[in-house]
file upload_9.pdb (PDB, C-alpha atoms)
ATOM      1  CA  ALA Z   1      89.130 209.111  81.450  1.00  0.00           C
ATOM      2  CA  VAL Z   2      89.922 212.494  79.944  1.00  0.00           C
ATOM      3  CA  ALA Z   3      86.564 214.183  80.608  1.00  0.00           C
ATOM      4  CA  VAL Z   4      83.582 214.115  82.965  1.00  0.00           C
ATOM      5  CA  HIS Z   5      80.171 215.024  81.502  1.00  0.00           C
ATOM      6  CA  HIS Z   6      77.433 216.061  83.936  1.00  0.00           C
ATOM      7  CA  LEU Z   7      74.214 215.441  81.995  1.00  0.00           C
ATOM      8  CA  ASP Z   8      72.091 216.453  84.972  1.00  0.00           C
ATOM      9  CA  ILE Z   9      72.612 218.661  88.002  1.00  0.00           C
ATOM     10  CA  ALA Z  10      73.125 216.988  91.360  1.00  0.00           C
ATOM     11  CA  TRP Z  11      71.250 218.137  94.438  1.00  0.00           C
ATOM     12  CA  ARG Z  12      74.315 218.206  96.691  1.00  0.00           C
ATOM     13  CA  PRO Z  13      77.811 219.682  96.182  1.00  0.00           C
ATOM     14  CA  SER Z  14      79.313 216.432  97.434  1.00  0.00           C
ATOM     15  CA  ASP Z  15      77.603 214.528  94.614  1.00  0.00           C
ATOM     16  CA  LEU Z  16      79.327 216.694  92.017  1.00  0.00           C
ATOM     17  CA  GLU Z  17      82.652 216.252  93.791  1.00  0.00           C
ATOM     18  CA  GLN Z  18      82.148 212.498  93.876  1.00  0.00           C
ATOM     19  CA  ARG Z  19      81.401 212.380  90.164  1.00  0.00           C
ATOM     20  CA  ASN Z  20      84.468 214.448  89.350  1.00  0.00           C
ATOM     21  CA  GLY Z  21      86.559 212.315  91.663  1.00  0.00           C
ATOM     22  CA  ARG Z  22      85.998 209.269  89.474  1.00  0.00           C
ATOM     23  CA  ALA Z  23      88.282 210.849  86.872  1.00  0.00           C
ATOM     24  CA  VAL Z  24      90.151 213.655  88.652  1.00  0.00           C
ATOM     25  CA  ARG Z  25      92.274 211.362  90.783  1.00  0.00           C
ATOM     26  CA  LYS Z  26      95.707 209.846  91.111  1.00  0.00           C
ATOM     27  CA  GLY Z  27      96.362 206.877  88.879  1.00  0.00           C
ATOM     28  CA  ASN Z  28      94.423 208.206  85.877  1.00  0.00           C
ATOM     29  CA  GLU Z  29      96.866 206.832  83.325  1.00  0.00           C
ATOM     30  CA  VAL Z  30      94.636 207.676  80.337  1.00  0.00           C
ATOM     31  CA  ALA Z  31      94.617 211.386  81.172  1.00  0.00           C
ATOM     32  CA  LYS Z  32      98.318 211.256  81.913  1.00  0.00           C
ATOM     33  CA  GLN Z  33      99.193 209.701  78.551  1.00  0.00           C
ATOM     34  CA  PHE Z  34      96.677 211.348  76.222  1.00  0.00           C
ATOM     35  CA  ALA Z  35      95.533 214.634  77.824  1.00  0.00           C
ATOM     36  CA  GLY Z  36      98.570 216.116  79.530  1.00  0.00           C
ATOM     37  CA  ASN Z  37      97.385 214.750  82.888  1.00  0.00           C
ATOM     38  CA  LYS Z  38      94.286 216.988  82.744  1.00  0.00           C
ATOM     39  CA  VAL Z  39      90.595 216.116  82.931  1.00  0.00           C
ATOM     40  CA  ASP Z  40      87.885 218.315  81.417  1.00  0.00           C
ATOM     41  CA  VAL Z  41      84.760 218.730  83.558  1.00  0.00           C
ATOM     42  CA  ILE Z  42      81.739 219.614  81.399  1.00  0.00           C
ATOM     43  CA  ILE Z  43      78.372 220.516  82.926  1.00  0.00           C
ATOM     44  CA  TYR Z  44      75.242 220.688  80.768  1.00  0.00           C
ATOM     45  CA  ALA Z  45      72.448 223.038  81.822  1.00  0.00           C
ATOM     46  CA  VAL Z  46      69.404 224.639  80.242  1.00  0.00           C
ATOM     47  CA  GLU Z  47      68.968 228.384  80.501  1.00  0.00           C
ATOM     48  CA  ARG Z  48      65.925 229.573  82.496  1.00  0.00           C
ATOM     49  CA  SER Z  49      64.999 226.105  83.662  1.00  0.00           C
ATOM     50  CA  LEU Z  50      65.038 224.041  86.841  1.00  0.00           C
ATOM     51  CA  ASP Z  51      68.802 223.856  86.379  1.00  0.00           C
ATOM     52  CA  SER Z  52      69.073 227.485  87.484  1.00  0.00           C
ATOM     53  CA  TYR Z  53      67.150 226.714  90.660  1.00  0.00           C
ATOM     54  CA  LYS Z  54      69.320 223.670  91.375  1.00  0.00           C
ATOM     55  CA  PHE Z  55      72.543 225.631  90.894  1.00  0.00           C
ATOM     56  CA  ASN Z  56      71.227 228.312  93.234  1.00  0.00           C
ATOM     57  CA  LEU Z  57      70.479 225.587  95.757  1.00  0.00           C
ATOM     58  CA  LEU Z  58      73.972 224.138  95.328  1.00  0.00           C
ATOM     59  CA  HIS Z  59      75.413 227.613  95.766  1.00  0.00           C
ATOM     60  CA  ASN Z  60      73.632 228.162  99.086  1.00  0.00           C
ATOM     61  CA  LYS Z  61      74.496 224.689 100.354  1.00  0.00           C
ATOM     62  CA  GLN Z  62      78.159 225.110  99.473  1.00  0.00           C
ATOM     63  CA  LEU Z  63      78.255 228.496 101.207  1.00  0.00           C
ATOM     64  CA  PHE Z  64      76.872 226.964 104.382  1.00  0.00           C
ATOM     65  CA  ILE Z  65      79.304 224.031 104.216  1.00  0.00           C
ATOM     66  CA  ASN Z  66      82.283 226.354 103.714  1.00  0.00           C
ATOM     67  CA  GLN Z  67      81.157 228.600 106.562  1.00  0.00           C
ATOM     68  CA  LEU Z  68      80.743 225.601 108.830  1.00  0.00           C
ATOM     69  CA  LYS Z  69      84.180 224.204 107.977  1.00  0.00           C
ATOM     70  CA  THR Z  70      85.989 227.532 108.406  1.00  0.00           C
ATOM     71  CA  ASN Z  71      83.966 228.752 111.397  1.00  0.00           C
ATOM     72  CA  THR Z  72      82.834 231.889 109.533  1.00  0.00           C
ATOM     73  CA  LEU Z  73      79.074 231.630 109.935  1.00  0.00           C
ATOM     74  CA  GLY Z  74      78.998 235.246 111.081  1.00  0.00           C
ATOM     75  CA  SER Z  75      81.151 236.530 108.235  1.00  0.00           C
ATOM     76  CA  ARG Z  76      79.717 239.269 106.011  1.00  0.00           C
ATOM     77  CA  SER Z  77      81.484 238.046 102.889  1.00  0.00           C
ATOM     78  CA  ILE Z  78      82.453 234.597 101.663  1.00  0.00           C
ATOM     79  CA  ASP Z  79      85.191 233.697  99.199  1.00  0.00           C
ATOM     80  CA  GLU Z  80      83.475 231.400  96.718  1.00  0.00           C
ATOM     81  CA  GLY Z  81      86.443 230.967  94.407  1.00  0.00           C
ATOM     82  CA  SER Z  82      87.132 232.764  91.169  1.00  0.00           C
ATOM     83  CA  MET Z  83      86.120 231.947  87.620  1.00  0.00           C
ATOM     84  CA  ASP Z  84      89.129 231.192  85.452  1.00  0.00           C
ATOM     85  CA  GLU Z  85      90.475 228.584  83.075  1.00  0.00           C
ATOM     86  CA  ASP Z  86      91.997 226.533  85.886  1.00  0.00           C
ATOM     87  CA  SER Z  87      89.221 226.366  88.468  1.00  0.00           C
ATOM     88  CA  GLY Z  88      86.166 226.933  86.256  1.00  0.00           C
ATOM     89  CA  MET Z  89      83.010 228.656  87.574  1.00  0.00           C
ATOM     90  CA  ASN Z  90      81.606 228.638  91.060  1.00  0.00           C
ATOM     91  CA  PHE Z  91      77.926 227.957  91.707  1.00  0.00           C
ATOM     92  CA  SER Z  92      76.903 231.615  91.944  1.00  0.00           C
ATOM     93  CA  GLU Z  93      78.388 232.264  88.501  1.00  0.00           C
ATOM     94  CA  TYR Z  94      76.465 229.324  87.069  1.00  0.00           C
ATOM     95  CA  VAL Z  95      73.299 230.902  88.486  1.00  0.00           C
ATOM     96  CA  ALA Z  96      74.167 234.186  86.782  1.00  0.00           C
ATOM     97  CA  VAL Z  97      74.834 232.527  83.415  1.00  0.00           C
ATOM     98  CA  LEU Z  98      71.681 230.401  83.493  1.00  0.00           C
ATOM     99  CA  SER Z  99      69.503 233.352  84.458  1.00  0.00           C
ATOM    100  CA  GLY Z 100      70.257 234.932  81.090  1.00  0.00           C
ATOM    101  CA  ASN Z 101      71.211 238.192  82.814  1.00  0.00           C
ATOM    102  CA  THR Z 102      74.826 239.109  82.054  1.00  0.00           C
ATOM    103  CA  ASP Z 103      74.680 241.865  84.674  1.00  0.00           C
ATOM    104  CA  LEU Z 104      74.425 239.205  87.365  1.00  0.00           C
ATOM    105  CA  LEU Z 105      77.552 237.530  86.040  1.00  0.00           C
ATOM    106  CA  GLU Z 106      79.423 240.827  86.022  1.00  0.00           C
ATOM    107  CA  LYS Z 107      78.170 241.500  89.543  1.00  0.00           C
ATOM    108  CA  ALA Z 108      79.480 238.110  90.695  1.00  0.00           C
ATOM    109  CA  LYS Z 109      82.890 238.869  89.188  1.00  0.00           C
ATOM    110  CA  LEU Z 110      83.051 242.333  90.765  1.00  0.00           C
ATOM    111  CA  GLU Z 111      82.021 241.010  94.169  1.00  0.00           C
ATOM    112  CA  LYS Z 112      84.776 238.428  93.908  1.00  0.00           C
ATOM    113  CA  LYS Z 113      87.327 241.134  93.086  1.00  0.00           C
ATOM    114  CA  ILE Z 114      86.143 243.256  96.011  1.00  0.00           C
ATOM    115  CA  VAL Z 115      86.497 240.350  98.428  1.00  0.00           C
ATOM    116  CA  THR Z 116      89.958 239.549  97.037  1.00  0.00           C
ATOM    117  CA  LEU Z 117      91.130 243.167  97.293  1.00  0.00           C
ATOM    118  CA  GLU Z 118      89.771 243.476 100.828  1.00  0.00           C
ATOM    119  CA  SER Z 119      91.586 240.294 101.798  1.00  0.00           C
ATOM    120  CA  GLU Z 120      94.812 241.610 100.264  1.00  0.00           C
ATOM    121  CA  ARG Z 121      94.331 244.927 102.080  1.00  0.00           C
ATOM    122  CA  LYS Z 122      93.939 243.177 105.429  1.00  0.00           C
ATOM    123  CA  GLY Z 123      97.010 241.081 104.704  1.00  0.00           C
ATOM    124  CA  PHE Z 124      99.006 244.179 103.782  1.00  0.00           C
ATOM    125  CA  LEU Z 125      97.959 246.046 106.933  1.00  0.00           C
ATOM    126  CA  LYS Z 126      98.848 243.053 109.081  1.00  0.00           C
ATOM    127  CA  GLU Z 127     102.270 242.687 107.463  1.00  0.00           C
ATOM    128  CA  ARG Z 128     102.853 246.445 107.723  1.00  0.00           C
ATOM    129  CA  ASP Z 129     102.075 246.473 111.443  1.00  0.00           C
ATOM    130  CA  THR Z 130     104.275 243.425 111.990  1.00  0.00           C
ATOM    131  CA  ALA Z 131     107.141 245.054 110.087  1.00  0.00           C
ATOM    132  CA  ALA Z 132     106.716 248.319 112.026  1.00  0.00           C
ATOM    133  CA  ALA Z 133     106.841 246.466 115.345  1.00  0.00           C
ATOM    134  CA  LYS Z 134     109.922 244.553 114.204  1.00  0.00           C
ATOM    135  CA  LEU Z 135     111.587 247.803 113.127  1.00  0.00           C
ATOM    136  CA  GLU Z 136     110.995 249.352 116.552  1.00  0.00           C
ATOM    137  CA  GLU Z 137     112.412 246.219 118.167  1.00  0.00           C
ATOM    138  CA  ILE Z 138     115.534 246.453 115.999  1.00  0.00           C
ATOM    139  CA  LYS Z 139     115.926 250.168 116.772  1.00  0.00           C
ATOM    140  CA  GLY Z 140     115.711 249.405 120.485  1.00  0.00           C
ATOM    141  CA  SER Z 141     118.280 246.641 120.118  1.00  0.00           C
ATOM    142  CA  ILE Z 142     120.646 248.971 118.240  1.00  0.00           C
ATOM    143  CA  ALA Z 143     120.333 251.632 120.947  1.00  0.00           C
ATOM    144  CA  PHE Z 144     120.888 249.068 123.712  1.00  0.00           C
ATOM    145  CA  HIS Z 145     123.998 247.566 122.136  1.00  0.00           C
ATOM    146  CA  SER Z 146     125.345 250.993 121.183  1.00  0.00           C
ATOM    147  CA  ASP Z 147     125.196 251.954 124.866  1.00  0.00           C
ATOM    148  CA  LYS Z 148     126.967 248.731 125.810  1.00  0.00           C
ATOM    149  CA  ILE Z 149     129.712 249.430 123.273  1.00  0.00           C
ATOM    150  CA  ARG Z 150     130.237 252.924 124.695  1.00  0.00           C
ATOM    151  CA  GLU Z 151     130.375 251.530 128.225  1.00  0.00           C
ATOM    152  CA  ALA Z 152     132.864 248.842 127.186  1.00  0.00           C
ATOM    153  CA  ARG Z 153     135.094 251.422 125.487  1.00  0.00           C
ATOM    154  CA  ALA Z 154     134.975 253.652 128.565  1.00  0.00           C
ATOM    155  CA  ASP Z 155     135.876 250.691 130.792  1.00  0.00           C
ATOM    156  CA  ARG Z 156     138.751 249.761 128.508  1.00  0.00           C
ATOM    157  CA  ALA Z 157     140.075 253.327 128.508  1.00  0.00           C
ATOM    158  CA  HIS Z 158     139.880 253.417 132.306  1.00  0.00           C
ATOM    159  CA  PHE Z 159     141.597 250.034 132.565  1.00  0.00           C
ATOM    160  CA  GLU Z 160     144.400 251.122 130.245  1.00  0.00           C
ATOM    161  CA  SER Z 161     144.909 254.287 132.298  1.00  0.00           C
ATOM    162  CA  GLN Z 162     145.244 252.242 135.506  1.00  0.00           C
ATOM    163  CA  LEU Z 163     147.243 249.352 134.075  1.00  0.00           C
ATOM    164  CA  GLN Z 164     150.767 248.881 135.430  1.00  0.00           C
ATOM    165  CA  ARG Z 165     153.530 247.012 133.625  1.00  0.00           C
ATOM    166  CA  ASP Z 166     156.842 245.603 134.735  1.00  0.00           C
ATOM    167  CA  ALA Z 167     160.215 246.307 133.168  1.00  0.00           C
ATOM    168  CA  ASP Z 168     159.476 243.833 130.386  1.00  0.00           C
ATOM    169  CA  GLY Z 169     156.143 245.453 129.576  1.00  0.00           C
ATOM    170  CA  VAL Z 170     154.109 242.602 131.055  1.00  0.00           C
ATOM    171  CA  PRO Z 171     150.955 243.736 132.931  1.00  0.00           C
ATOM    172  CA  VAL Z 172     151.357 243.477 136.698  1.00  0.00           C
ATOM    173  CA  ASN Z 173     148.782 241.264 138.402  1.00  0.00           C
ATOM    174  CA  LYS Z 174     146.913 243.584 140.773  1.00  0.00           C
ATOM    175  CA  LEU Z 175     144.108 241.152 141.566  1.00  0.00           C
ATOM    176  CA  SER Z 176     143.060 241.186 145.197  1.00  0.00           C
ATOM    177  CA  VAL Z 177     140.646 238.589 146.570  1.00  0.00           C
ATOM    178  CA  LYS Z 178     138.923 238.549 149.927  1.00  0.00           C
ATOM    179  CA  GLY Z 179     140.621 236.089 152.249  1.00  0.00           C
ATOM    180  CA  VAL Z 180     143.961 236.306 150.453  1.00  0.00           C
ATOM    181  CA  PRO Z 181     146.784 238.596 151.693  1.00  0.00           C
ATOM    182  CA  ASP Z 182     148.041 241.273 149.297  1.00  0.00           C
ATOM    183  CA  GLY Z 183     151.042 240.161 147.267  1.00  0.00           C
ATOM    184  CA  ALA Z 184     150.135 236.489 147.559  1.00  0.00           C
ATOM    185  CA  ASP Z 185     151.355 234.043 144.944  1.00  0.00           C
ATOM    186  CA  VAL Z 186     149.232 233.488 141.842  1.00  0.00           C
ATOM    187  CA  LYS Z 187     148.655 229.866 142.849  1.00  0.00           C
ATOM    188  CA  VAL Z 188     147.189 230.986 146.173  1.00  0.00           C
ATOM    189  CA  LEU Z 189     144.825 233.353 144.351  1.00  0.00           C
ATOM    190  CA  ALA Z 190     143.810 230.569 141.968  1.00  0.00           C
ATOM    191  CA  ALA Z 191     143.100 228.187 144.846  1.00  0.00           C
ATOM    192  CA  ARG Z 192     140.944 230.793 146.575  1.00  0.00           C
ATOM    193  CA  LEU Z 193     138.980 231.500 143.387  1.00  0.00           C
ATOM    194  CA  GLN Z 194     138.408 227.767 142.930  1.00  0.00           C
ATOM    195  CA  GLU Z 195     137.147 227.521 146.502  1.00  0.00           C
ATOM    196  CA  ILE Z 196     134.741 230.418 145.938  1.00  0.00           C
ATOM    197  CA  ALA Z 197     133.478 228.813 142.725  1.00  0.00           C
ATOM    198  CA  GLU Z 198     132.686 225.594 144.583  1.00  0.00           C
ATOM    199  CA  LYS Z 199     131.192 227.015 147.781  1.00  0.00           C
ATOM    200  CA  ALA Z 200     129.678 230.393 146.934  1.00  0.00           C
ATOM    201  CA  ARG Z 201     125.868 230.629 147.196  1.00  0.00           C
ATOM    202  CA  THR Z 202     124.561 234.104 146.357  1.00  0.00           C
ATOM    203  CA  GLU Z 203     120.942 233.183 145.434  1.00  0.00           C
ATOM    204  CA  GLY Z 204     121.099 235.168 142.213  1.00  0.00           C
ATOM    205  CA  GLU Z 205     122.699 238.268 143.757  1.00  0.00           C
ATOM    206  CA  TYR Z 206     126.087 239.759 142.838  1.00  0.00           C
ATOM    207  CA  ASN Z 207     128.643 239.628 145.662  1.00  0.00           C
ATOM    208  CA  LYS Z 208     131.980 241.398 145.536  1.00  0.00           C
ATOM    209  CA  ILE Z 209     134.904 239.057 146.173  1.00  0.00           C
ATOM    210  CA  GLY Z 210     137.794 241.266 145.131  1.00  0.00           C
ATOM    211  CA  GLU Z 211     139.116 244.007 142.901  1.00  0.00           C
ATOM    212  CA  ILE Z 212     141.519 244.556 140.016  1.00  0.00           C
ATOM    213  CA  TYR Z 213     142.711 247.961 138.845  1.00  0.00           C
ATOM    214  CA  GLY Z 214     139.684 249.656 140.341  1.00  0.00           C
ATOM    215  CA  PHE Z 215     137.193 247.222 138.796  1.00  0.00           C
ATOM    216  CA  PRO Z 216     135.175 245.121 141.248  1.00  0.00           C
ATOM    217  CA  VAL Z 217     135.348 241.356 140.847  1.00  0.00           C
ATOM    218  CA  MET Z 218     131.866 239.926 141.392  1.00  0.00           C
ATOM    219  CA  VAL Z 219     130.459 236.440 141.792  1.00  0.00           C
ATOM    220  CA  LYS Z 220     126.885 235.310 141.217  1.00  0.00           C
ATOM    221  CA  THR Z 221     125.310 231.887 141.645  1.00  0.00           C
ATOM    222  CA  GLU Z 222     121.818 230.679 140.814  1.00  0.00           C
ATOM    223  CA  SER Z 223     119.924 227.664 142.048  1.00  0.00           C
ATOM    224  CA  THR Z 224     118.680 225.163 139.480  1.00  0.00           C
ATOM    225  CA  VAL Z 225     115.702 222.892 139.960  1.00  0.00           C
TER     226      VAL Z 225
END

call {"tool": "encode", "arguments": {"input": "upload_9.pdb", "output": "structure tokens"}}
result
Amino acid sequence: AVAVHHLDIAWRPSDLEQRNGRAVRKGNEVAKQFAGNKVDVIIYAVERSLDSYKFNLLHNKQLFINQLKTNTLGSRSIDEGSMDEDSGMNFSEYVAVLSGNTDLLEKAKLEKKIVTLESERKGFLKERDTAAAKLEEIKGSIAFHSDKIREARADRAHFESQLQRDADGVPVNKLSVKGVPDGADVKVLAARLQEIAEKARTEGEYNKIGEIYGFPVMVKTESTV
């Protein structure tokens, strides 16, 4: 099928959808081959007749159904869909056309534009607030890391000022660890550090276990469940 002709007006929105669904569906090879995979939906109505009443009834029913589905029964405005070449007219616009009053049709269009603009405004304000919050978060992160960089540079400068080197220019190991005599062999220090790593239990607190060039050497352990 390449077109659906509604010769009468249904009493329920679902009836119209069901009629349209007989042609506007997957597997419509006729429309695919001969109509660019499009189906025309044509509705016949008589101006200033019972058709106007029925479209008004459809309009109110569809509003209630949409409100029920989207949980917006208390909403002051409802998006009924726009009138364009792709989606056609909504029920309220049919009512306006069939009433013979073009002002009603213009009113329906303007109300639609107002709702759309208000929705866009709310979306813009939400995105603006989100972006502002993100910007403040980034600024805070920059300040935090800038402070850490300054602290690291100060520590490095202090370390370089305290660093001692041997005749070959190799840094002298000045690491001292609790429980190990000063001047002990590197292997003894390594064994002690390994022992601390295996046995230390600080319950999330930092404990000082030694020192190197004026910098404290700390250990911290945490319990896992």

call {"tool": "closest_residue", "arguments": {"input": "upload_9.pdb", "among": "Z:Leu189, Z:Lys38, Z:Arg156, Z:Thr202", "to": "Gly214 of chain Z", "atoms": "all atoms listed in the file"}}
result
Z:Arg156

call {"tool": "closest_residue", "arguments": {"input": "upload_9.pdb", "among": "Z:His145, Z:Gln194, Z:Glu211, Z:His5", "to": "Leu175 of chain Z", "atoms": "only C-alpha atoms"}}
result
Z:Glu211

call {"tool": "atom_distance", "arguments": {"input": "upload_9.pdb", "atom1": "atom CA of Ala197 of chain Z", "atom2": "atom CA of Lys178 of chain Z"}}
result
13.3 Å

call {"tool": "residues_around", "arguments": {"input": "upload_9.pdb", "residues": "Glu203 of chain Z", "least_positions_apart": "2", "cutoff": "7 Å", "atoms": "all atoms listed in the file", "output": "list in words"}}
result
Arg201, Glu205, Thr221, Glu222 and Ser223 of chain Z

call {"tool": "axis_aligned_box", "arguments": {"input": "upload_9.pdb", "around": "segment 150-156 of chain Z", "padding_each_side": "5 Å", "output": "AutoDock Vina command-line options"}}
result
--center_x 134.5 --center_y 251.2 --center_z 127.7 --size_x 18.5 --size_y 14.8 --size_z 16.1

call {"tool": "resolve_selection", "arguments": {"input": "upload_9.pdb", "expression": "the PyMOL selection byres ((chain Z and resi 42) around 9)", "output": "PyMOL selection string"}}
result
chain Z and resi 3-7+40-41+43-44

call {"tool": "write_last_selection", "arguments": {"input": "upload_9.pdb", "atoms": "C-alpha atoms", "output": "compact mmCIF listing (two decimals), in the frame of the given file"}}
result
# COMPACT_ATOMS: atom_id res chain seq x y z
CA ALA Z 3 86.56 214.18 80.61
CA VAL Z 4 83.58 214.12 82.96
CA HIS Z 5 80.17 215.02 81.50
CA HIS Z 6 77.43 216.06 83.94
CA LEU Z 7 74.21 215.44 82.00
CA ASP Z 40 87.88 218.32 81.42
CA VAL Z 41 84.76 218.73 83.56
CA ILE Z 43 78.37 220.52 82.93
CA TYR Z 44 75.24 220.69 80.77

call {"tool": "atom_distance", "arguments": {"input": "upload_9.pdb", "atom1": "atom CA of Val186 of chain Z", "atom2": "atom CA of Tyr213 of chain Z"}}
result
16.2 Å

call {"tool": "residues_around", "arguments": {"input": "upload_9.pdb", "residues": "Tyr206 of chain Z", "least_positions_apart": "4", "cutoff": "7 Å", "atoms": "only C-alpha atoms", "output": "ChimeraX atom specification"}}
result
/Z:202,218-220

call {"tool": "atom_distance", "arguments": {"input": "upload_9.pdb", "atom1": "atom CA of Leu68 of chain Z", "atom2": "atom CA of Arg12 of chain Z"}}
result
15.6 Å

call {"tool": "closest_residue", "arguments": {"input": "upload_9.pdb", "among": "Z:Gly27, Z:Pro13, Z:Gly36, Z:Pro216", "to": "Asn56 of chain Z", "atoms": "all atoms listed in the file"}}
result
Z:Pro13

call {"tool": "closest_residue", "arguments": {"input": "upload_9.pdb", "among": "Z:Ala190, Z:Ile114, Z:Leu163, Z:Val2", "to": "Gln33 of chain Z", "atoms": "all atoms listed in the file"}}
result
Z:Val2

call {"tool": "closest_residue", "arguments": {"input": "upload_9.pdb", "among": "Z:Asp103, Z:Val39, Z:Ile212, Z:Ser49", "to": "His158 of chain Z", "atoms": "only C-alpha atoms"}}
result
Z:Ile212

call {"tool": "resolve_selection", "arguments": {"input": "upload_9.pdb", "expression": "the PyMOL selection byres ((chain Z and resi 208) around 6)", "output": "list in words"}}
result
Asn207, Ile209, Gly210, Val217 and Met218 of chain Z

call {"tool": "closest_residue", "arguments": {"input": "upload_9.pdb", "among": "Z:Ser176, Z:Gln18, Z:Thr224, Z:Ser146", "to": "Val188 of chain Z", "atoms": "only C-alpha atoms"}}
result
Z:Ser176

call {"tool": "residues_around", "arguments": {"input": "upload_9.pdb", "residues": "Trp11 of chain Z", "least_positions_apart": "3", "cutoff": "9 Å", "atoms": "all atoms listed in the file", "output": "list of chain:residue names"}}
result
Z:Ser14, Z:Asp15, Z:Leu16, Z:Lys54, Z:Phe55, Z:Leu57, Z:Leu58
